[in-house]
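Structure record follows, encoded as structure tokens.
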Amino acid sequence: MTAPSPLDTAPQEDAHAPRLAVQSTVGNAASPAAIRRLSHALVGTKPTSARTQKVVVDKLRAALAAIRNGNYALGATQAQAAIKADPDSGLAWHVLAICHEKSGQVIAALDAYQAALQRLPEDTDIAHDLGRLAHQLGYLPIAEKLLLRYLAAHPGHAEATNNLACVLRDQNRYPDAIDLLTPLLEIEPGNAVLWNTLGSVMNDRGQVDQALIFFEEALRLDPALAKARYNRANARSPLGDTLGALEDIEAALPGAETAYEQAMMRMARAIMLMGLARIPEGFDAYEVRLDPALPDAMRVAVDAPRWDPKTENIRGKRLLVVGEQGIADELVFANTLPDVIDAVGPDGQVYLAVEQRMVGLFQRAHPRAIVGGHRAVRLEGRLTRYMPFIQELSDTGVRMDAWTPIASLMAPYRPSVASFPPARQVIVPDPERVARWTTELEALGTGLKVGLHWKSLVMTGARAAFFATGFQLWQPILTAPGCVMINLQCGDVSADLAAAEAAGVRIWTPPIDLKDDLEDVAALSVACDLVVGPGIAGTNIAAAAGARTWMVAAADDWHLMQTDRYVFYPDVRIFKRAAVDGWPQVIQDIRAALDAAVSGDWNTP
């Protein structure tokens, strides 16, 4: 099996600061039982010669001993020596994969598991380990096939059944996941892991209150189950118990089984700290996003040291600021750019690398900076961001003195909620485009021109719960008298638009590519009287450009930081969505506000 690169391009443009992912996949490739199986398998190794056999067996015995002692780096070295002696040793590749996985080198582990399975195609244990890792990296169809293969040889295996349910869950196949788990729970009602996974299914389905019940049951059965404690935190937070959620996260951290799990838990802790307005502590903790144990952690390809604002004066220096995550995050964290531009002073220079489609918008807003686009590729299994415009400058002799990720500017420049600036444009649309779109909208007739977003480009797993489950839920807004609806939603929404038209609702779609023509999206947003939607790239573009924006936010959205506003865009009006069955009410709230706005009252709560 050859898997594609996990990410060949930049992250999805509406990827916001990471969601708090549930954890329920189980399996420890380095468990004592797994190592015993591998030790027994050593007896049956058949390399090309007796001399080779001795080298392979000796190296693998040393590797397994290192694994038992938790020294995975030494184990990898010994396994690589065995592979050098016999490249066709599937067992050696399997041991190397385990060492890489336990060290947090998930891409290298994936490659090694694949090599092992190619050499030992009938070894279902390798298929299971590879399926579990493929799931972690987001290769859901591949993971499903591998786990089904394992279960065909081991029907009713609880661990593999659990992991397959996780894969089905992350494909939004919630009934299938429940149908898979329920019979096994009837047989094994004391299995805490299965209760935890059932809770994760309910959590992703948006039934957070029911999920909490199942997480509680898992912890009753096994109070030491760190995954369940972490998942309970992710249920408690949207239900209003953020302090209790933070306690759960901190209690779960010592029980993290892998570097990946620990990094994920630390990420959740950072987001909760930011949501509790414990800054700059939360911003410092958010540095975990760059932990190599996270598959999409960013590495920057630039010939310069990273700037440490705590110890280094940047005055008069050339500083490269690199955008990260996705468009929404680049916009959110860009509120610090005026601060860092002032910090380098007139004798220094800020170079800003952002999403290529946003270069002009940022350049107009920050004329003292030099703005260019970034690209992303996979190099040695890591998401690597590089900047062609910086390389071009380097070729002319211009060198960067330092670089920094854009989110890392928050800790030094936003030490408190009070330090956030008043409303200001983060990006500036082209005035000529704004004028052109204003004329276009006027031609549509009278009424408020309402730009509409309603879902994310990424609707897999728990993300789906953050968006209305059916476009029909938006009908009260779509039918508001005195409004002309403007489609700003990128992606293929033809089915939604056809359904609206069939119901007698006209939604005007501009003749542009709403995904790629972001200069026009920003200008059109400003030309509208109002832009409405959840917190995705499109609504962030509108808010950052200074358009009147109404944004739907989860009750525990960290960007609110214990306030009643989106602290990054103080003028944005927030409509909080309850964690359980919150969409119908928030839609009605927006409709009531629209009715008031049509009558000229923009301030009615």
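Starting from 1 in every chain, residues are counted up; chains themselves are A, B, ... following the order of the structure tokens, and ligands are numbered from 1 as listed.
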Range 300-385 of chain A residues near range 556-559 of chain A within 12 Å, closest pair each, using only C-alpha atoms, as a Markdown table:
```
| residue | atom | partner | partner_atom | distance |
| --- | --- | --- | --- | --- |
| A:Ala328 | CA | A:His559 | CA | 11.8 |
| A:Asp329 | CA | A:His559 | CA | 10.9 |
| A:Val332 | CA | A:His559 | CA | 9.0 |
| A:Phe333 | CA | A:His559 | CA | 10.8 |
```
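Residues in contact range of Asn191 in chain A, defined as at most 8 Å between only C-alpha atoms, with sequence neighbours fewer than 6 positions away removed, read Leu185, Ala218 and Leu221 of chain A.
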Can you list, as a list of chain:residue names, all residues belonging to range 308-337 of chain A that DSSP tags as strand (DSSP E)?
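Here are the strand (DSSP E) residues of range 308-337 of chain A: A:Arg318, A:Leu319, A:Leu320, A:Val321, A:Val322.
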Those selected residues, please, written with all heavy atoms and delivered as an mmCIF file, in the first residue's frame.
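Result saved to part01.cif:
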```cif
data_model
loop_
_atom_site.group_PDB
_atom_site.id
_atom_site.type_symbol
_atom_site.label_atom_id
_atom_site.label_comp_id
_atom_site.auth_asym_id
_atom_site.auth_seq_id
_atom_site.Cartn_x
_atom_site.Cartn_y
_atom_site.Cartn_z
ATOM 1 N N ARG A 318 15.826 43.049 10.248
ATOM 2 C CA ARG A 318 14.914 42.505 9.239
ATOM 3 C C ARG A 318 14.214 41.289 9.842
ATOM 4 O O ARG A 318 14.863 40.284 10.133
ATOM 5 C CB ARG A 318 15.666 42.092 7.975
ATOM 6 C CG ARG A 318 16.348 43.237 7.229
ATOM 7 C CD ARG A 318 16.880 42.732 5.900
ATOM 8 N NE ARG A 318 17.597 43.760 5.165
ATOM 9 C CZ ARG A 318 18.927 43.873 5.149
ATOM 10 N NH1 ARG A 318 19.669 42.989 5.808
ATOM 11 N NH2 ARG A 318 19.511 44.835 4.466
ATOM 12 N N LEU A 319 12.910 41.386 10.020
ATOM 13 C CA LEU A 319 12.135 40.319 10.672
ATOM 14 C C LEU A 319 11.122 39.746 9.698
ATOM 15 O O LEU A 319 10.310 40.489 9.124
ATOM 16 C CB LEU A 319 11.405 40.860 11.906
ATOM 17 C CG LEU A 319 10.494 39.857 12.626
ATOM 18 C CD1 LEU A 319 11.315 38.733 13.267
ATOM 19 C CD2 LEU A 319 9.636 40.566 13.685
ATOM 20 N N LEU A 320 11.144 38.445 9.520
ATOM 21 C CA LEU A 320 10.148 37.749 8.706
ATOM 22 C C LEU A 320 9.053 37.203 9.614
ATOM 23 O O LEU A 320 9.323 36.440 10.542
ATOM 24 C CB LEU A 320 10.808 36.592 7.945
ATOM 25 C CG LEU A 320 9.851 35.629 7.229
ATOM 26 C CD1 LEU A 320 9.072 36.348 6.128
ATOM 27 C CD2 LEU A 320 10.615 34.435 6.666
ATOM 28 N N VAL A 321 7.803 37.601 9.357
ATOM 29 C CA VAL A 321 6.636 37.104 10.081
ATOM 30 C C VAL A 321 5.909 36.129 9.155
ATOM 31 O O VAL A 321 5.527 36.495 8.041
ATOM 32 C CB VAL A 321 5.702 38.257 10.495
ATOM 33 C CG1 VAL A 321 4.464 37.708 11.210
ATOM 34 C CG2 VAL A 321 6.441 39.245 11.388
ATOM 35 N N VAL A 322 5.729 34.908 9.623
ATOM 36 C CA VAL A 322 5.174 33.847 8.779
ATOM 37 C C VAL A 322 3.762 33.489 9.233
ATOM 38 O O VAL A 322 3.543 33.116 10.390
ATOM 39 C CB VAL A 322 6.061 32.585 8.812
ATOM 40 C CG1 VAL A 322 5.493 31.505 7.898
ATOM 41 C CG2 VAL A 322 7.493 32.934 8.403
#
```
For a quick check of understanding, using only C-alpha atoms, which of A:Gly131, A:Pro412, A:Pro511, A:Gly533 has the smallest distance to Asp308 in chain A?
A:Pro412
Who sits within 9 Å of Arg591 in chain A, only C-alpha atoms, same chain under 6 positions skipped, as a ChimeraX atom specification:
/A:476-480
Could those selected residues go to a file with N, CA, C and O atoms, as a PDB file, in the first residue's frame?
```pdb
ATOM      1  N   PRO A 476     -35.432  30.822   8.092  1.00  0.00           N
ATOM      2  CA  PRO A 476     -35.916  32.080   8.673  1.00  0.00           C
ATOM      3  C   PRO A 476     -35.073  33.289   8.290  1.00  0.00           C
ATOM      4  O   PRO A 476     -35.596  34.401   8.161  1.00  0.00           O
ATOM      5  N   ILE A 477     -33.791  33.099   8.112  1.00  0.00           N
ATOM      6  CA  ILE A 477     -32.915  34.198   7.692  1.00  0.00           C
ATOM      7  C   ILE A 477     -33.095  34.468   6.205  1.00  0.00           C
ATOM      8  O   ILE A 477     -33.209  35.626   5.775  1.00  0.00           O
ATOM      9  N   LEU A 478     -33.141  33.399   5.412  1.00  0.00           N
ATOM     10  CA  LEU A 478     -33.252  33.550   3.959  1.00  0.00           C
ATOM     11  C   LEU A 478     -34.531  34.259   3.550  1.00  0.00           C
ATOM     12  O   LEU A 478     -34.579  34.910   2.505  1.00  0.00           O
ATOM     13  N   THR A 479     -35.577  34.106   4.348  1.00  0.00           N
ATOM     14  CA  THR A 479     -36.885  34.673   3.990  1.00  0.00           C
ATOM     15  C   THR A 479     -37.182  35.977   4.717  1.00  0.00           C
ATOM     16  O   THR A 479     -38.323  36.445   4.708  1.00  0.00           O
ATOM     17  N   ALA A 480     -36.168  36.579   5.347  1.00  0.00           N
ATOM     18  CA  ALA A 480     -36.399  37.829   6.077  1.00  0.00           C
ATOM     19  C   ALA A 480     -36.860  38.929   5.118  1.00  0.00           C
ATOM     20  O   ALA A 480     -36.167  39.233   4.141  1.00  0.00           O
TER      21      ALA A 480
END
```
Between A:Ala301, A:Ala252, A:Thr52, A:Gly104, which one has atoms that come closest to Val377 in chain A, using only C-alpha atoms?
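Ranking A:Ala301, A:Ala252, A:Thr52, A:Gly104 by distance to Val377 in chain A, first place goes to A:Ala301.
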Calculated over only C-alpha atoms, which of the candidates A:Glu287, A:Val567, A:Ala402, A:Val340 has the smallest distance to Ala423 in chain A?
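Closest to Ala423 in chain A, using only C-alpha atoms: A:Val567.
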Please run DSSP on the backbone and report, as JSON, numbers by chain, all residues within range 272-424 of chain A that come out as helix (DSSP H, G or I).
{"A": [272, 273, 274, 275, 281, 282, 283, 284, 285, 286, 287, 288, 289, 290, 327, 328, 329, 330, 331, 332, 333, 334, 335, 336, 337, 338, 339, 340, 341, 342, 343, 344, 356, 357, 358, 359, 360, 361, 362, 363, 364, 365, 388, 389, 390, 391, 392, 393, 394, 395, 406, 407, 408, 409, 410, 411, 412, 413, 417, 418, 419]}
Quick one: everything within 7 Å of Met274 in chain A, counting only C-alpha atoms, minus sequence neighbours fewer than 4 positions away in the same chain. Send it as number ranges by chain.
A: 270, 278-279, 282-283, 558, 561
Between A:Thr242, A:Gln562, A:Gln207, A:Asn234, which one has atoms that come closest to Met265 in chain A, using only C-alpha atoms?
A:Asn234
With a distance cut-off of 7 Å and only C-alpha atoms, select the neighbouring residues of range 132-140 of chain A, excluding the residue or stretch itself and same-chain residues fewer than 2 positions from it, and output the selection as a PyMOL selection string.
chain A and resi 6+110+128-130+142-144+163+167+295
Using the selection just defined, write its residues with N, CA and C atoms as a tab-separated table (two decimals), in the first residue's frame.
```tsv
chain	number	residue	atom	x	y	z
A	6	PRO	N	0.32	13.27	3.39
A	6	PRO	CA	-0.80	13.76	4.18
A	6	PRO	C	-1.27	15.15	3.78
A	110	LEU	N	4.68	5.76	9.63
A	110	LEU	CA	3.78	5.32	8.56
A	110	LEU	C	4.56	4.63	7.44
A	128	HIS	N	-3.16	-3.83	11.62
A	128	HIS	CA	-3.88	-3.10	12.67
A	128	HIS	C	-3.11	-1.84	13.08
A	129	ASP	N	-1.79	-1.99	13.31
A	129	ASP	CA	-0.99	-0.84	13.71
A	129	ASP	C	-0.98	0.23	12.62
A	130	LEU	N	-0.87	-0.20	11.38
A	130	LEU	CA	-0.87	0.74	10.27
A	130	LEU	C	-2.23	1.41	10.12
A	142	ILE	N	-8.33	4.36	3.95
A	142	ILE	CA	-7.25	3.39	4.09
A	142	ILE	C	-7.31	2.72	5.45
A	143	ALA	N	-7.52	3.52	6.49
A	143	ALA	CA	-7.60	2.96	7.84
A	143	ALA	C	-8.76	1.98	7.95
A	144	GLU	N	-9.89	2.31	7.35
A	144	GLU	CA	-11.05	1.42	7.40
A	144	GLU	C	-10.74	0.07	6.76
A	163	ASN	N	-11.40	0.82	17.24
A	163	ASN	CA	-10.68	1.72	16.34
A	163	ASN	C	-11.43	1.91	15.02
A	167	VAL	N	-12.89	5.40	13.16
A	167	VAL	CA	-12.75	5.76	11.75
A	167	VAL	C	-14.12	6.10	11.15
A	295	PRO	N	0.94	15.99	13.49
A	295	PRO	CA	1.22	15.74	12.07
A	295	PRO	C	1.30	16.99	11.21
```
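Look at Leu151 in chain A: the protein and nucleic acid residues within 12 Å of it, using only C-alpha atoms and passing over chain neighbours fewer than 6 places away, are Thr124, Asp125, Ala127, His128, Gly131, Glu144, Lys145, His157, Ala158, Glu159, Ala160, Thr161, Asn162, Asn163 and Leu164 of chain A.
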Any chance you can output those residues with all heavy atoms as an mmCIF file, in the first residue's frame?
```cif
data_model
loop_
_atom_site.group_PDB
_atom_site.id
_atom_site.type_symbol
_atom_site.label_atom_id
_atom_site.label_comp_id
_atom_site.auth_asym_id
_atom_site.auth_seq_id
_atom_site.Cartn_x
_atom_site.Cartn_y
_atom_site.Cartn_z
ATOM 1 N N THR A 124 -1.458 -9.613 10.257
ATOM 2 C CA THR A 124 -2.592 -8.733 10.560
ATOM 3 C C THR A 124 -2.275 -7.742 11.676
ATOM 4 O O THR A 124 -2.900 -6.679 11.760
ATOM 5 C CB THR A 124 -3.829 -9.565 10.934
ATOM 6 O OG1 THR A 124 -3.488 -10.467 12.002
ATOM 7 C CG2 THR A 124 -4.329 -10.354 9.732
ATOM 8 N N ASP A 125 -1.299 -8.072 12.534
ATOM 9 C CA ASP A 125 -0.923 -7.112 13.578
ATOM 10 C C ASP A 125 -0.351 -5.842 12.964
ATOM 11 O O ASP A 125 -0.625 -4.725 13.424
ATOM 12 C CB ASP A 125 0.100 -7.731 14.527
ATOM 13 C CG ASP A 125 -0.515 -8.779 15.451
ATOM 14 O OD1 ASP A 125 -1.724 -8.672 15.726
ATOM 15 O OD2 ASP A 125 0.202 -9.696 15.876
ATOM 16 N N ALA A 127 -1.117 -4.765 9.987
ATOM 17 C CA ALA A 127 -2.271 -4.096 9.373
ATOM 18 C C ALA A 127 -3.028 -3.270 10.404
ATOM 19 O O ALA A 127 -3.457 -2.143 10.123
ATOM 20 C CB ALA A 127 -3.190 -5.125 8.725
ATOM 21 N N HIS A 128 -3.164 -3.828 11.617
ATOM 22 C CA HIS A 128 -3.875 -3.097 12.668
ATOM 23 C C HIS A 128 -3.111 -1.844 13.076
ATOM 24 O O HIS A 128 -3.673 -0.749 13.181
ATOM 25 C CB HIS A 128 -4.086 -4.005 13.887
ATOM 26 C CG HIS A 128 -4.903 -3.362 14.964
ATOM 27 N ND1 HIS A 128 -4.704 -3.590 16.295
ATOM 28 C CD2 HIS A 128 -5.919 -2.455 14.894
ATOM 29 C CE1 HIS A 128 -5.566 -2.876 17.008
ATOM 30 N NE2 HIS A 128 -6.316 -2.183 16.180
ATOM 31 N N GLY A 131 -3.296 0.661 10.322
ATOM 32 C CA GLY A 131 -4.636 1.242 10.256
ATOM 33 C C GLY A 131 -4.853 2.287 11.333
ATOM 34 O O GLY A 131 -5.446 3.348 11.083
ATOM 35 N N GLU A 144 -9.888 2.314 7.345
ATOM 36 C CA GLU A 144 -11.050 1.424 7.404
ATOM 37 C C GLU A 144 -10.738 0.069 6.764
ATOM 38 O O GLU A 144 -11.051 -0.988 7.327
ATOM 39 C CB GLU A 144 -12.244 2.076 6.708
ATOM 40 C CG GLU A 144 -13.505 1.234 6.750
ATOM 41 C CD GLU A 144 -14.687 1.913 6.092
ATOM 42 O OE1 GLU A 144 -14.558 3.093 5.685
ATOM 43 O OE2 GLU A 144 -15.747 1.268 5.977
ATOM 44 N N LYS A 145 -10.107 0.088 5.603
ATOM 45 C CA LYS A 145 -9.780 -1.169 4.915
ATOM 46 C C LYS A 145 -8.825 -2.023 5.738
ATOM 47 O O LYS A 145 -8.986 -3.248 5.845
ATOM 48 C CB LYS A 145 -9.167 -0.866 3.549
ATOM 49 C CG LYS A 145 -10.160 -0.310 2.540
ATOM 50 C CD LYS A 145 -9.476 0.012 1.212
ATOM 51 C CE LYS A 145 -10.464 0.605 0.223
ATOM 52 N NZ LYS A 145 -9.807 0.982 -1.059
ATOM 53 N N HIS A 157 -12.725 -8.681 17.915
ATOM 54 C CA HIS A 157 -11.597 -8.106 18.653
ATOM 55 C C HIS A 157 -11.979 -6.701 19.132
ATOM 56 O O HIS A 157 -12.267 -5.807 18.320
ATOM 57 C CB HIS A 157 -10.364 -8.064 17.758
ATOM 58 C CG HIS A 157 -9.101 -7.704 18.473
ATOM 59 N ND1 HIS A 157 -8.738 -6.409 18.725
ATOM 60 C CD2 HIS A 157 -8.111 -8.481 18.999
ATOM 61 C CE1 HIS A 157 -7.572 -6.386 19.355
ATOM 62 N NE2 HIS A 157 -7.172 -7.642 19.537
ATOM 63 N N ALA A 158 -11.975 -6.501 20.449
ATOM 64 C CA ALA A 158 -12.510 -5.256 21.010
ATOM 65 C C ALA A 158 -11.703 -4.040 20.577
ATOM 66 O O ALA A 158 -12.265 -3.001 20.204
ATOM 67 C CB ALA A 158 -12.551 -5.355 22.531
ATOM 68 N N GLU A 159 -10.385 -4.147 20.632
ATOM 69 C CA GLU A 159 -9.543 -2.996 20.306
ATOM 70 C C GLU A 159 -9.719 -2.575 18.849
ATOM 71 O O GLU A 159 -9.888 -1.391 18.537
ATOM 72 C CB GLU A 159 -8.086 -3.354 20.584
ATOM 73 C CG GLU A 159 -7.116 -2.199 20.447
ATOM 74 C CD GLU A 159 -5.698 -2.615 20.811
ATOM 75 O OE1 GLU A 159 -5.464 -2.916 22.001
ATOM 76 O OE2 GLU A 159 -4.843 -2.658 19.906
ATOM 77 N N ALA A 160 -9.706 -3.553 17.940
ATOM 78 C CA ALA A 160 -9.849 -3.235 16.520
ATOM 79 C C ALA A 160 -11.254 -2.727 16.216
ATOM 80 O O ALA A 160 -11.434 -1.816 15.390
ATOM 81 C CB ALA A 160 -9.535 -4.460 15.672
ATOM 82 N N THR A 161 -12.264 -3.305 16.875
ATOM 83 C CA THR A 161 -13.641 -2.829 16.685
ATOM 84 C C THR A 161 -13.769 -1.388 17.142
ATOM 85 O O THR A 161 -14.393 -0.548 16.474
ATOM 86 C CB THR A 161 -14.629 -3.719 17.459
ATOM 87 O OG1 THR A 161 -14.516 -5.066 16.993
ATOM 88 C CG2 THR A 161 -16.060 -3.237 17.278
ATOM 89 N N ASN A 162 -13.180 -1.097 18.276
ATOM 90 C CA ASN A 162 -13.177 0.273 18.796
ATOM 91 C C ASN A 162 -12.544 1.229 17.791
ATOM 92 O O ASN A 162 -13.082 2.301 17.490
ATOM 93 C CB ASN A 162 -12.401 0.304 20.109
ATOM 94 C CG ASN A 162 -12.266 1.711 20.661
ATOM 95 O OD1 ASN A 162 -13.137 2.197 21.350
ATOM 96 N ND2 ASN A 162 -11.159 2.372 20.362
ATOM 97 N N ASN A 163 -11.399 0.825 17.243
ATOM 98 C CA ASN A 163 -10.684 1.718 16.335
ATOM 99 C C ASN A 163 -11.434 1.906 15.021
ATOM 100 O O ASN A 163 -11.431 2.994 14.445
ATOM 101 C CB ASN A 163 -9.285 1.168 16.081
ATOM 102 C CG ASN A 163 -8.420 1.216 17.329
ATOM 103 O OD1 ASN A 163 -8.759 1.892 18.297
ATOM 104 N ND2 ASN A 163 -7.321 0.489 17.319
ATOM 105 N N LEU A 164 -12.091 0.850 14.553
ATOM 106 C CA LEU A 164 -12.909 0.987 13.348
ATOM 107 C C LEU A 164 -14.075 1.941 13.605
ATOM 108 O O LEU A 164 -14.435 2.748 12.734
ATOM 109 C CB LEU A 164 -13.418 -0.384 12.901
ATOM 110 C CG LEU A 164 -14.318 -0.388 11.663
ATOM 111 C CD1 LEU A 164 -13.614 0.240 10.462
ATOM 112 C CD2 LEU A 164 -14.772 -1.816 11.329
#
```
Mind running range 305-338 of chain A against range 425-449 of chain A at 7 Å and telling me each contacting residue's nearest atom pair with the distance in Å (one decimal), counting only C-alpha atoms, chain and number ascending, as JSON lines?
```
{"residue": "A:Leu331", "atom": "CA", "partner": "A:Val426", "partner_atom": "CA", "distance": 6.9}
{"residue": "A:Ala334", "atom": "CA", "partner": "A:Val426", "partner_atom": "CA", "distance": 6.6}
{"residue": "A:Asn335", "atom": "CA", "partner": "A:Val426", "partner_atom": "CA", "distance": 6.4}
```
Output of the above residues as a short mmCIF file (atom, residue, chain, number, x, y, z; two decimals), in the first residue's frame, restricted to all heavy atoms:
```
data_model
loop_
_atom_site.label_atom_id
_atom_site.label_comp_id
_atom_site.auth_asym_id
_atom_site.auth_seq_id
_atom_site.Cartn_x
_atom_site.Cartn_y
_atom_site.Cartn_z
N LEU A 331 -5.56 36.09 9.79
CA LEU A 331 -6.28 37.35 10.02
C LEU A 331 -6.40 37.66 11.50
O LEU A 331 -6.21 38.80 11.93
CB LEU A 331 -7.65 37.27 9.36
CG LEU A 331 -7.64 37.24 7.83
CD1 LEU A 331 -9.02 36.86 7.30
CD2 LEU A 331 -7.20 38.57 7.26
N ALA A 334 -3.07 38.71 12.99
CA ALA A 334 -2.45 39.86 12.34
C ALA A 334 -2.71 41.17 13.08
O ALA A 334 -2.15 42.20 12.71
CB ALA A 334 -2.94 39.98 10.90
N ASN A 335 -3.54 41.14 14.12
CA ASN A 335 -3.78 42.40 14.84
C ASN A 335 -2.52 42.91 15.53
O ASN A 335 -2.46 44.05 15.97
CB ASN A 335 -4.93 42.23 15.85
CG ASN A 335 -4.49 41.57 17.13
OD1 ASN A 335 -4.08 42.22 18.07
ND2 ASN A 335 -4.58 40.25 17.17
#
```
Can you work out which one of A:Arg232, A:Arg119, A:His366, A:Arg205 has the shortest atom-to-atom distance to Glu217 in chain A, counting only C-alpha atoms?
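For Glu217 in chain A, the nearest of the given residues is A:Arg232.
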Excluding Asp284 in chain A and its own-chain neighbours fewer than 4 positions away, which residues fall within 9 Å of it when counting only C-alpha atoms? Please give them as a VMD selection string.
chain A and resid 270 279 to 280 288 408 410 to 411
